[in-house]
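Asks: For reference, this is model-v7.cif, and it has mmCIF, C-alpha atoms and all ligand atoms.
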data_query
#
loop_
_atom_site.group_PDB
_atom_site.id
_atom_site.type_symbol
_atom_site.label_atom_id
_atom_site.label_comp_id
_atom_site.auth_asym_id
_atom_site.auth_seq_id
_atom_site.Cartn_x
_atom_site.Cartn_y
_atom_site.Cartn_z
ATOM 1 C CA MET A 1 -18.025 -14.714 13.820
ATOM 2 C CA LYS A 2 -15.222 -16.880 15.207
ATOM 3 C CA HIS A 3 -11.988 -14.925 15.553
ATOM 4 C CA HIS A 4 -8.602 -16.037 14.244
ATOM 5 C CA PRO A 5 -6.190 -17.636 16.737
ATOM 6 C CA VAL A 6 -4.109 -15.205 18.753
ATOM 7 C CA GLN A 7 -0.558 -16.517 18.296
ATOM 8 C CA THR A 8 1.359 -13.458 19.478
ATOM 9 C CA LEU A 9 0.919 -11.756 22.832
ATOM 10 C CA PRO A 10 0.223 -8.030 23.017
ATOM 11 C CA PRO A 11 3.479 -6.284 23.978
ATOM 12 C CA ASP A 12 3.793 -4.616 27.379
ATOM 13 C CA ILE A 13 4.265 -1.035 26.229
ATOM 14 C CA ALA A 14 3.473 0.655 29.569
ATOM 15 C CA ARG A 15 7.141 1.621 29.928
ATOM 16 C CA TRP A 16 6.836 3.832 26.842
ATOM 17 C CA ALA A 17 4.119 6.055 28.371
ATOM 18 C CA ALA A 18 6.713 8.454 29.762
ATOM 19 C CA SER A 19 8.599 10.111 26.963
ATOM 20 C CA GLY A 20 11.352 12.612 26.347
ATOM 21 C CA SER A 21 9.356 13.916 23.385
ATOM 22 C CA GLY A 22 6.811 15.469 25.741
ATOM 23 C CA THR A 23 3.995 13.386 24.257
ATOM 24 C CA PRO A 24 3.057 10.043 25.851
ATOM 25 C CA TYR A 25 4.071 6.963 23.890
ATOM 26 C CA VAL A 26 6.153 8.957 21.386
ATOM 27 C CA HIS A 27 9.912 8.294 21.373
ATOM 28 C CA GLU A 28 12.692 9.799 19.309
ATOM 29 C CA ARG A 29 15.955 8.142 18.366
ATOM 30 C CA LEU A 30 18.718 10.323 16.945
ATOM 31 C CA GLY A 31 21.550 9.289 14.677
ATOM 32 C CA SER A 32 25.038 10.669 15.127
ATOM 33 C CA ALA A 33 24.917 12.281 11.680
ATOM 34 C CA PRO A 34 22.275 14.453 10.036
ATOM 35 C CA GLY A 35 19.686 12.658 7.965
ATOM 36 C CA PRO A 36 16.021 12.201 7.236
ATOM 37 C CA ASP A 37 13.140 12.853 9.597
ATOM 38 C CA VAL A 38 11.191 9.600 9.779
ATOM 39 C CA LEU A 39 7.963 8.787 11.623
ATOM 40 C CA VAL A 40 7.063 5.162 12.343
ATOM 41 C CA THR A 41 3.579 4.560 13.720
ATOM 42 C CA ALA A 42 1.903 1.513 15.232
ATOM 43 C CA LEU A 43 -1.456 0.839 16.910
ATOM 44 C CA VAL A 44 -3.395 3.202 14.661
ATOM 45 C CA HIS A 45 -5.865 0.353 15.083
ATOM 46 C CA GLY A 46 -5.799 -0.956 18.641
ATOM 47 C CA ASN A 47 -5.907 -4.675 17.880
ATOM 48 C CA GLU A 48 -3.153 -4.539 15.206
ATOM 49 C CA TYR A 49 -0.103 -4.868 17.414
ATOM 50 C CA SER A 50 2.524 -6.573 15.228
ATOM 51 C CA GLY A 51 3.978 -3.114 14.591
ATOM 52 C CA ALA A 52 3.964 -2.372 18.309
ATOM 53 C CA ILE A 53 5.874 -5.616 18.961
ATOM 54 C CA ALA A 54 8.585 -4.593 16.493
ATOM 55 C CA MET A 55 8.782 -1.021 17.814
ATOM 56 C CA HIS A 56 8.886 -2.252 21.426
ATOM 57 C CA GLU A 57 11.750 -4.643 20.579
ATOM 58 C CA LEU A 58 13.720 -1.951 18.807
ATOM 59 C CA LEU A 59 13.262 0.689 21.509
ATOM 60 C CA ALA A 60 14.016 -1.790 24.308
ATOM 61 C CA SER A 61 17.240 -2.904 22.612
ATOM 62 C CA GLY A 62 18.697 0.609 22.780
ATOM 63 C CA TRP A 63 19.025 0.687 18.997
ATOM 64 C CA GLN A 64 19.754 3.993 17.293
ATOM 65 C CA PRO A 65 19.934 4.967 13.625
ATOM 66 C CA ALA A 66 23.186 6.142 12.061
ATOM 67 C CA ASN A 67 21.601 9.195 10.448
ATOM 68 C CA GLY A 68 18.677 11.488 11.067
ATOM 69 C CA ARG A 69 15.842 11.329 13.541
ATOM 70 C CA ILE A 70 13.329 8.518 13.840
ATOM 71 C CA THR A 71 10.164 9.106 15.829
ATOM 72 C CA PHE A 72 8.274 6.030 17.018
ATOM 73 C CA ALA A 73 4.629 6.628 17.976
ATOM 74 C CA PHE A 74 2.244 4.148 19.574
ATOM 75 C CA CYS A 75 -0.968 5.792 18.380
ATOM 76 C CA ASN A 76 -4.315 4.540 19.688
ATOM 77 C CA VAL A 77 -3.059 3.212 23.023
ATOM 78 C CA ALA A 78 -6.501 3.670 24.603
ATOM 79 C CA ALA A 79 -7.975 1.159 22.155
ATOM 80 C CA PHE A 80 -4.994 -1.206 22.502
ATOM 81 C CA ASP A 81 -5.334 -1.161 26.288
ATOM 82 C CA SER A 82 -8.814 -2.676 25.918
ATOM 83 C CA PHE A 83 -7.452 -5.660 23.936
ATOM 84 C CA ASP A 84 -8.995 -8.960 25.058
ATOM 85 C CA ALA A 85 -7.688 -12.170 23.458
ATOM 86 C CA ASN A 86 -11.178 -13.661 23.861
ATOM 87 C CA ALA A 87 -12.715 -10.846 21.778
ATOM 88 C CA PRO A 88 -9.713 -9.626 19.774
ATOM 89 C CA ASP A 89 -11.701 -7.948 17.000
ATOM 90 C CA ALA A 90 -13.337 -5.567 19.475
ATOM 91 C CA SER A 91 -10.438 -3.222 20.268
ATOM 92 C CA ARG A 92 -9.910 -1.580 16.870
ATOM 93 C CA CYS A 93 -10.901 1.833 18.229
ATOM 94 C CA VAL A 94 -12.619 3.542 21.172
ATOM 95 C CA ASP A 95 -15.010 6.100 19.623
ATOM 96 C CA GLU A 96 -14.143 6.146 15.921
ATOM 97 C CA ASP A 97 -11.546 4.967 13.418
ATOM 98 C CA PHE A 98 -8.256 6.772 14.171
ATOM 99 C CA ASN A 99 -7.332 6.441 10.509
ATOM 100 C CA ARG A 100 -10.289 8.489 9.234
ATOM 101 C CA VAL A 101 -9.814 11.724 11.190
ATOM 102 C CA TRP A 102 -6.890 13.319 9.327
ATOM 103 C CA SER A 103 -8.637 16.068 7.327
ATOM 104 C CA ALA A 104 -8.030 19.648 8.471
ATOM 105 C CA ALA A 105 -11.768 20.024 9.004
ATOM 106 C CA ARG A 106 -12.047 16.984 11.254
ATOM 107 C CA LEU A 107 -8.882 17.765 13.245
ATOM 108 C CA GLY A 108 -10.075 21.340 13.719
ATOM 109 C CA CYS A 109 -13.666 20.547 14.673
ATOM 110 C CA SER A 110 -15.087 20.885 18.171
ATOM 111 C CA ASP A 111 -15.535 17.133 18.741
ATOM 112 C CA ASN A 112 -13.298 15.533 21.324
ATOM 113 C CA THR A 113 -13.457 11.826 20.655
ATOM 114 C CA THR A 114 -10.662 9.687 22.089
ATOM 115 C CA GLU A 115 -9.174 9.356 18.610
ATOM 116 C CA LEU A 116 -9.372 13.068 17.739
ATOM 117 C CA VAL A 117 -7.704 14.052 21.006
ATOM 118 C CA ARG A 118 -4.857 11.627 20.317
ATOM 119 C CA ALA A 119 -4.567 12.658 16.660
ATOM 120 C CA ARG A 120 -4.154 16.300 17.703
ATOM 121 C CA GLN A 121 -1.338 15.240 20.072
ATOM 122 C CA LEU A 122 0.432 13.419 17.248
ATOM 123 C CA LEU A 123 -0.188 16.034 14.543
ATOM 124 C CA PRO A 124 3.131 17.926 15.041
ATOM 125 C CA PHE A 125 5.052 14.679 14.551
ATOM 126 C CA VAL A 126 3.062 13.811 11.412
ATOM 127 C CA GLU A 127 3.553 17.299 9.968
ATOM 128 C CA ARG A 128 7.327 17.379 10.466
ATOM 129 C CA ALA A 129 8.003 13.903 9.000
ATOM 130 C CA ALA A 130 9.610 13.602 5.574
ATOM 131 C CA TYR A 131 8.950 9.850 5.665
ATOM 132 C CA LEU A 132 6.048 8.006 7.294
ATOM 133 C CA LEU A 133 5.697 4.257 7.702
ATOM 134 C CA ASP A 134 2.364 3.323 9.263
ATOM 135 C CA LEU A 135 2.342 -0.270 10.555
ATOM 136 C CA HIS A 136 -0.939 -2.154 10.276
ATOM 137 C CA SER A 137 -2.125 -5.738 9.924
ATOM 138 C CA MET A 138 -5.150 -7.461 8.442
ATOM 139 C CA HIS A 139 -8.421 -9.038 9.555
ATOM 140 C CA GLU A 140 -7.807 -12.161 7.458
ATOM 141 C CA PRO A 141 -4.631 -14.160 6.640
ATOM 142 C CA SER A 142 -3.371 -12.763 3.338
ATOM 143 C CA THR A 143 -0.312 -11.690 1.356
ATOM 144 C CA PRO A 144 1.223 -8.536 2.902
ATOM 145 C CA LEU A 145 0.362 -5.254 1.190
ATOM 146 C CA LEU A 146 1.935 -1.811 0.955
ATOM 147 C CA VAL A 147 -0.785 0.808 0.535
ATOM 148 C CA THR A 148 0.758 3.733 -1.331
ATOM 149 C CA GLY A 149 -1.998 6.123 -2.346
ATOM 150 C CA ALA A 150 -1.909 7.274 -5.972
ATOM 151 C CA LEU A 151 1.367 9.246 -6.083
ATOM 152 C CA GLN A 152 4.118 7.713 -8.189
ATOM 153 C CA ARG A 153 6.880 8.567 -5.702
ATOM 154 C CA ASN A 154 5.284 6.339 -3.067
ATOM 155 C CA ILE A 155 4.669 3.498 -5.513
ATOM 156 C CA ALA A 156 8.309 3.592 -6.645
ATOM 157 C CA PHE A 157 9.618 3.767 -3.077
ATOM 158 C CA ALA A 158 7.518 0.745 -2.089
ATOM 159 C CA GLN A 159 8.646 -1.310 -5.100
ATOM 160 C CA ARG A 160 12.297 -0.604 -4.293
ATOM 161 C CA LEU A 161 11.958 -2.149 -0.822
ATOM 162 C CA GLN A 162 12.228 -5.615 -2.407
ATOM 163 C CA THR A 163 9.690 -7.310 -0.166
ATOM 164 C CA PRO A 164 6.941 -9.781 -1.176
ATOM 165 C CA ALA A 165 4.322 -7.162 -0.258
ATOM 166 C CA GLN A 166 2.004 -6.172 -3.082
ATOM 167 C CA VAL A 167 1.619 -2.450 -3.756
ATOM 168 C CA ILE A 168 -1.987 -1.285 -3.516
ATOM 169 C CA ILE A 169 -2.611 2.028 -5.300
ATOM 170 C CA ASP A 170 -5.715 3.628 -3.887
ATOM 171 C CA SER A 171 -7.217 7.030 -3.255
ATOM 172 C CA GLY A 172 -8.259 6.518 0.352
ATOM 173 C CA HIS A 173 -11.652 6.176 1.986
ATOM 174 C CA ALA A 174 -14.862 8.096 1.403
ATOM 175 C CA ASP A 175 -15.586 8.109 5.138
ATOM 176 C CA GLY A 176 -12.504 10.066 6.212
ATOM 177 C CA VAL A 177 -8.840 10.891 5.568
ATOM 178 C CA ARG A 178 -6.076 8.501 6.603
ATOM 179 C CA MET A 179 -2.929 9.652 8.386
ATOM 180 C CA ARG A 180 -0.863 8.650 5.349
ATOM 181 C CA ASP A 181 -2.984 10.965 3.175
ATOM 182 C CA HIS A 182 -2.711 13.961 5.507
ATOM 183 C CA ASP A 183 -1.881 17.314 3.935
ATOM 184 C CA ALA A 184 1.676 17.399 2.531
ATOM 185 C CA PHE A 185 1.821 13.620 2.109
ATOM 186 C CA ALA A 186 -0.911 13.947 -0.527
ATOM 187 C CA ASN A 187 0.719 16.878 -2.354
ATOM 188 C CA PRO A 188 1.569 15.772 -5.908
ATOM 189 C CA GLY A 189 4.313 18.406 -6.100
ATOM 190 C CA GLY A 190 5.948 17.426 -2.812
ATOM 191 C CA GLN A 191 8.587 14.897 -1.920
ATOM 192 C CA ARG A 192 7.279 13.357 1.265
ATOM 193 C CA ILE A 193 6.952 9.610 1.363
ATOM 194 C CA ALA A 194 4.140 7.790 3.187
ATOM 195 C CA LEU A 195 3.477 4.063 3.118
ATOM 196 C CA LEU A 196 0.980 1.964 5.034
ATOM 197 C CA LEU A 197 1.989 -1.649 5.653
ATOM 198 C CA GLU A 198 -0.657 -4.358 5.963
ATOM 199 C CA ALA A 199 1.615 -7.055 7.371
ATOM 200 C CA GLY A 200 -0.666 -10.113 7.318
ATOM 201 C CA GLN A 201 -3.206 -11.401 9.845
ATOM 202 C CA HIS A 202 -3.098 -9.369 13.068
ATOM 203 C CA TRP A 203 -1.962 -12.057 15.479
ATOM 204 C CA GLN A 204 0.225 -14.316 13.348
ATOM 205 C CA LEU A 205 3.955 -14.485 14.009
ATOM 206 C CA ALA A 206 4.561 -13.988 10.282
ATOM 207 C CA ALA A 207 3.045 -10.502 10.562
ATOM 208 C CA VAL A 208 5.758 -9.548 13.064
ATOM 209 C CA GLN A 209 8.493 -10.914 10.788
ATOM 210 C CA THR A 210 7.049 -9.020 7.829
ATOM 211 C CA THR A 211 6.906 -5.861 9.928
ATOM 212 C CA ARG A 212 10.535 -6.147 11.089
ATOM 213 C CA ASN A 213 11.721 -6.734 7.520
ATOM 214 C CA THR A 214 9.683 -3.899 6.008
ATOM 215 C CA LEU A 215 10.560 -1.437 8.764
ATOM 216 C CA MET A 216 14.304 -1.977 8.342
ATOM 217 C CA ARG A 217 14.132 -1.835 4.559
ATOM 218 C CA PHE A 218 12.133 1.397 4.804
ATOM 219 C CA LEU A 219 14.731 2.953 7.139
ATOM 220 C CA VAL A 220 17.638 1.819 4.942
ATOM 221 C CA GLN A 221 16.025 3.284 1.848
ATOM 222 C CA ALA A 222 15.198 6.521 3.652
ATOM 223 C CA GLY A 223 18.905 6.819 4.483
ATOM 224 C CA CYS A 224 18.838 6.218 8.245
ATOM 225 C CA LEU A 225 21.328 3.340 8.194
ATOM 226 C CA GLY A 226 23.188 0.986 5.913
ATOM 227 C CA LYS A 227 21.874 -2.488 5.210
ATOM 228 C CA THR A 228 24.831 -4.030 7.037
ATOM 229 C CA ASP A 229 23.846 -2.117 10.194
ATOM 230 C CA VAL A 230 20.383 -3.692 10.455
ATOM 231 C CA PRO A 231 19.935 -5.658 13.702
ATOM 232 C CA SER A 232 20.598 -9.372 13.264
ATOM 233 C CA GLY A 233 17.555 -11.373 12.191
ATOM 234 C CA TRP A 234 15.408 -8.419 11.123
ATOM 235 C CA LEU A 235 15.895 -8.700 7.361
ATOM 236 C CA LEU A 236 14.348 -11.402 5.199
ATOM 237 C CA PRO A 237 15.856 -12.217 1.775
ATOM 238 C CA ASP A 238 15.370 -9.756 -1.102
ATOM 239 C CA ARG A 239 12.293 -10.500 -3.151
ATOM 240 C CA THR A 240 10.959 -9.201 -6.435
ATOM 241 C CA PRO A 241 7.649 -7.570 -5.498
ATOM 242 C CA PRO A 242 4.513 -8.653 -7.356
ATOM 243 C CA PRO A 243 2.909 -6.217 -9.827
ATOM 244 C CA PRO A 244 0.972 -3.366 -8.184
ATOM 245 C CA VAL A 245 -2.815 -3.409 -7.963
ATOM 246 C CA LEU A 246 -4.700 -0.249 -8.890
ATOM 247 C CA VAL A 247 -7.871 -0.016 -6.824
ATOM 248 C CA THR A 248 -10.760 0.926 -9.100
ATOM 249 C CA ASP A 249 -13.790 0.278 -6.908
ATOM 250 C CA ARG A 250 -14.684 -0.072 -3.294
ATOM 251 C CA ILE A 251 -17.616 -2.104 -2.021
ATOM 252 C CA VAL A 252 -19.334 -0.507 0.968
ATOM 253 C CA ALA A 253 -21.882 -2.539 2.919
ATOM 254 C CA LYS A 254 -25.425 -1.190 2.729
ATOM 255 C CA SER A 255 -26.779 -3.494 5.391
ATOM 256 C CA MET A 256 -25.851 -5.962 8.103
ATOM 257 C CA ASP A 257 -27.163 -8.625 5.718
ATOM 258 C CA PHE A 258 -23.948 -8.654 3.641
ATOM 259 C CA ALA A 259 -22.147 -11.905 2.836
ATOM 260 C CA PHE A 260 -19.499 -12.981 0.346
ATOM 261 C CA THR A 261 -20.379 -15.909 -1.910
ATOM 262 C CA GLN A 262 -17.047 -17.604 -1.119
ATOM 263 C CA ASN A 263 -14.504 -17.564 1.654
ATOM 264 C CA PHE A 264 -12.320 -14.934 -0.057
ATOM 265 C CA THR A 265 -9.081 -13.985 1.692
ATOM 266 C CA GLY A 266 -7.640 -11.401 -0.711
ATOM 267 C CA GLY A 267 -5.541 -11.580 -3.846
ATOM 268 C CA GLU A 268 -8.093 -13.642 -5.778
ATOM 269 C CA VAL A 269 -8.380 -12.691 -9.456
ATOM 270 C CA ILE A 270 -11.960 -13.026 -10.759
ATOM 271 C CA ALA A 271 -11.812 -13.672 -14.492
ATOM 272 C CA LYS A 272 -15.182 -12.408 -15.720
ATOM 273 C CA ALA A 273 -16.881 -9.043 -15.278
ATOM 274 C CA GLY A 274 -20.314 -9.397 -13.715
ATOM 275 C CA THR A 275 -19.382 -12.314 -11.443
ATOM 276 C CA VAL A 276 -21.382 -12.225 -8.211
ATOM 277 C CA ILE A 277 -18.960 -12.025 -5.281
ATOM 278 C CA ALA A 278 -21.351 -11.023 -2.497
ATOM 279 C CA VAL A 279 -24.989 -10.448 -1.655
ATOM 280 C CA ASP A 280 -26.045 -7.330 0.259
ATOM 281 C CA ALA A 281 -29.647 -7.135 1.522
ATOM 282 C CA GLY A 282 -30.662 -9.546 -1.222
ATOM 283 C CA GLU A 283 -28.904 -7.572 -3.979
ATOM 284 C CA PRO A 284 -25.980 -9.135 -5.857
ATOM 285 C CA VAL A 285 -22.564 -7.430 -5.720
ATOM 286 C CA VAL A 286 -20.700 -8.056 -8.973
ATOM 287 C CA THR A 287 -17.185 -7.541 -10.315
ATOM 288 C CA PRO A 288 -16.943 -4.459 -12.585
ATOM 289 C CA CYS A 289 -14.271 -5.740 -14.979
ATOM 290 C CA ASP A 290 -12.488 -8.836 -16.213
ATOM 291 C CA ASN A 291 -9.504 -10.026 -14.133
ATOM 292 C CA CYS A 292 -10.693 -8.147 -11.062
ATOM 293 C CA VAL A 293 -8.418 -8.462 -7.994
ATOM 294 C CA LEU A 294 -10.004 -8.668 -4.545
ATOM 295 C CA VAL A 295 -8.144 -6.605 -1.939
ATOM 296 C CA MET A 296 -8.681 -7.287 1.777
ATOM 297 C CA PRO A 297 -12.200 -8.743 1.726
ATOM 298 C CA SER A 298 -13.603 -8.953 5.243
ATOM 299 C CA VAL A 299 -16.913 -8.689 7.063
ATOM 300 C CA ARG A 300 -15.292 -8.771 10.487
ATOM 301 C CA GLN A 301 -16.065 -5.086 11.161
ATOM 302 C CA LEU A 302 -19.342 -5.197 9.208
ATOM 303 C CA ARG A 303 -21.844 -2.396 9.542
ATOM 304 C CA PRO A 304 -23.578 -0.218 6.945
ATOM 305 C CA GLY A 305 -21.028 2.198 5.460
ATOM 306 C CA VAL A 306 -17.959 0.034 6.114
ATOM 307 C CA THR A 307 -15.738 -1.023 3.209
ATOM 308 C CA THR A 308 -15.951 -4.800 2.837
ATOM 309 C CA VAL A 309 -13.577 -5.217 -0.106
ATOM 310 C CA ARG A 310 -11.601 -3.105 -2.570
ATOM 311 C CA LEU A 311 -11.569 -4.155 -6.215
ATOM 312 C CA GLY A 312 -8.656 -3.520 -8.504
ATOM 313 C CA LYS A 313 -6.680 -4.469 -11.571
ATOM 314 C CA LEU A 314 -3.119 -5.705 -11.892
ATOM 315 C CA LEU A 315 -0.666 -3.260 -13.441
ATOM 316 C CA GLU A 316 2.558 -4.122 -15.203
ATOM 317 C CA ALA A 317 5.485 -4.500 -12.819
ATOM 318 C CA GLN A 318 7.106 -1.098 -12.233
HETATM 319 ZN ZN ZN A 401 -5.258 -1.089 10.412
#
Kindly transcribe the structure held in the file into structure tokens.
Ligand SMILES: [Zn+2]
Replies:
Amino acid sequence: MKHHPVQTLPPDIARWAASGSGTPYVHERLGSAPGPDVLVTALVHGNEYSGAIAMHELLASGWQPANGRITFAFCNVAAFDSFDANAPDASRCVDEDFNRVWSAARLGCSDNTTELVRARQLLPFVERAAYLLDLHSMHEPSTPLLVTGALQRNIAFAQRLQTPAQVIIDSGHADGVRMRDHDAFANPGGQRIALLLEAGQHWQLAAVQTTRNTLMRFLVQAGCLGKTDVPSGWLLPDRTPPPPVLVTDRIVAKSMDFAFTQNFTGGEVIAKAGTVIAVDAGEPVVTPCDNCVLVMPSVRQLRPGVTTVRLGKLLEAQ
């Protein structure tokens, strides 16, 4: 499959290997006043570097928050280091998906994949964070999304950011736990906030702009700085977010012989239940309900067991 054009260059993050935090590629910035403990993560997937561009810019500028402590973590650097602009879809991970290893059982197991070793290094930073913003991007060009999980506090926090990103309410993946669903972040009785940004297509400049805007709005709302203290050019105008989408189904490929019936890019609303949207090993894949929303359809990482599209329904604006 032909890859999308690579419009942005991977940032040179080698200077962030050495770190005062004691963990490579993890950097802390302290405000002069007490405040929230925030973790911002990029490169959970090695070829999704719009978040790393924004973090690199911010760290290199000497910027500091007014309040609290912000920890910036470049996560799967081993995968990112293998990035090749001629095969840009190939560097998502080294051994396994870094964003599926965050159950206690998996973190505590005896395996030592590249991703598990790195996840164990980052675990103390994840566990101490009151707020987590995990910066991702998408296989296909599409409207930005904020993946919130099912807890109302995350949905409300995301809607208050006033970005064009659409809230996606989902319960995670059957094939492993995401960082944003780890332990206390998934506790219905807790207060911790965790959002995952899907900023647009991995290598488009717009994904970097979306990331800068969302990152600053997240930090302002967490209480790390005032809106007037945001670095010049990082904020985009306030927008009324679209209604959230509640994910109701997830289509997992059964075979390598999986293909969508149209060139879906995400956000399409399919009017009729039972509409064929894909064929998998000769079997039709149909929409389960009327007005079904397609979320992040892609066969770019196709193999049996991989999610090829989430299906959802539009909720009333919240
Ligand atoms: Zn990702």
Asks: Quick one: residues within 10 Å of Asp12 (chain A), only C-alpha atoms counted, chain neighbours fewer than 3 positions away excluded, as a list in words?
Replies: Leu9, Arg15, Trp16, Ala52, Ile53, His56 and Asp81 of chain A
Asks: Take the residues from that selection and write them out as a short mmCIF file (atom, residue, chain, number, x, y, z; two decimals), in the frame of the given file, keeping C-alpha atoms.
Replies:
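Listed below is the output, out-v5.cif:
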data_model
loop_
_atom_site.label_atom_id
_atom_site.label_comp_id
_atom_site.auth_asym_id
_atom_site.auth_seq_id
_atom_site.Cartn_x
_atom_site.Cartn_y
_atom_site.Cartn_z
CA LEU A 9 0.92 -11.76 22.83
CA ARG A 15 7.14 1.62 29.93
CA TRP A 16 6.84 3.83 26.84
CA ALA A 52 3.96 -2.37 18.31
CA ILE A 53 5.87 -5.62 18.96
CA HIS A 56 8.89 -2.25 21.43
CA ASP A 81 -5.33 -1.16 26.29
#
Asks: Got a sec: who's within 9 Å of Cys292 (chain A), counting all atoms listed in the file, leaving out chain neighbours fewer than 4 positions off, as a list of chain:residue names?
Replies: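 These residues fall inside the cut-off: A:Glu268, A:Val269, A:Ile270, A:Ala271, A:Lys272, A:Ala273, A:Thr287, A:Pro288, A:Leu311, A:Gly312, A:Lys313, A:Leu314.
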Asks: Give me, as number ranges by chain, all polymer residues having an atom no more than 12 Å from Gly176 (chain A), counting only C-alpha atoms and skipping those fewer than 6 positions away in the same chain.
Replies: A: 96-107, 182, 305-307
Asks: Please, what distance in Å, to one decimal, runs between CA of Arg250 (chain A) and CA of Ile169 (chain A)?
Replies: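 Interatomic distance here is 12.4 Å.
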Asks: Neighbours of ligand ZN 401 (chain A) within 10 Å, counting all atoms listed in the file, as JSON, numbers by chain?
Replies: {"A": [42, 43, 44, 45, 46, 47, 48, 49, 92, 97, 98, 99, 134, 135, 136, 137, 138, 139, 196, 197, 198, 199, 202]}
Asks: For the residues in that selection, give me C-alpha atoms as a PDB file, in the frame of the given file.
Replies:
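As a result, part.pdb now contains:
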ATOM      1  CA  ALA A  42       1.903   1.513  15.232  1.00  0.00           C
ATOM      2  CA  LEU A  43      -1.456   0.839  16.910  1.00  0.00           C
ATOM      3  CA  VAL A  44      -3.395   3.202  14.661  1.00  0.00           C
ATOM      4  CA  HIS A  45      -5.865   0.353  15.083  1.00  0.00           C
ATOM      5  CA  GLY A  46      -5.799  -0.956  18.641  1.00  0.00           C
ATOM      6  CA  ASN A  47      -5.907  -4.675  17.880  1.00  0.00           C
ATOM      7  CA  GLU A  48      -3.153  -4.539  15.206  1.00  0.00           C
ATOM      8  CA  TYR A  49      -0.103  -4.868  17.414  1.00  0.00           C
ATOM      9  CA  ARG A  92      -9.910  -1.580  16.870  1.00  0.00           C
ATOM     10  CA  ASP A  97     -11.546   4.967  13.418  1.00  0.00           C
ATOM     11  CA  PHE A  98      -8.256   6.772  14.171  1.00  0.00           C
ATOM     12  CA  ASN A  99      -7.332   6.441  10.509  1.00  0.00           C
ATOM     13  CA  ASP A 134       2.364   3.323   9.263  1.00  0.00           C
ATOM     14  CA  LEU A 135       2.342  -0.270  10.555  1.00  0.00           C
ATOM     15  CA  HIS A 136      -0.939  -2.154  10.276  1.00  0.00           C
ATOM     16  CA  SER A 137      -2.125  -5.738   9.924  1.00  0.00           C
ATOM     17  CA  MET A 138      -5.150  -7.461   8.442  1.00  0.00           C
ATOM     18  CA  HIS A 139      -8.421  -9.038   9.555  1.00  0.00           C
ATOM     19  CA  LEU A 196       0.980   1.964   5.034  1.00  0.00           C
ATOM     20  CA  LEU A 197       1.989  -1.649   5.653  1.00  0.00           C
ATOM     21  CA  GLU A 198      -0.657  -4.358   5.963  1.00  0.00           C
ATOM     22  CA  ALA A 199       1.615  -7.055   7.371  1.00  0.00           C
ATOM     23  CA  HIS A 202      -3.098  -9.369  13.068  1.00  0.00           C
TER      24      HIS A 202
END
Asks: Counting all atoms listed in the file, figure out which residue out of A:Leu161, A:Val299, A:Val6, A:Leu123 gets nearest to Asp238 (chain A).
Replies: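 Comparing A:Leu161, A:Val299, A:Val6, A:Leu123 against Asp238 (chain A), the winner is A:Leu161.
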Asks: Can you list what the PyMOL selection byres (((chain A and resi 259) around 7) and not hetatm) grabs from this structure, as a ChimeraX atom specification?
Replies: /A:257-258,260-261,278-280
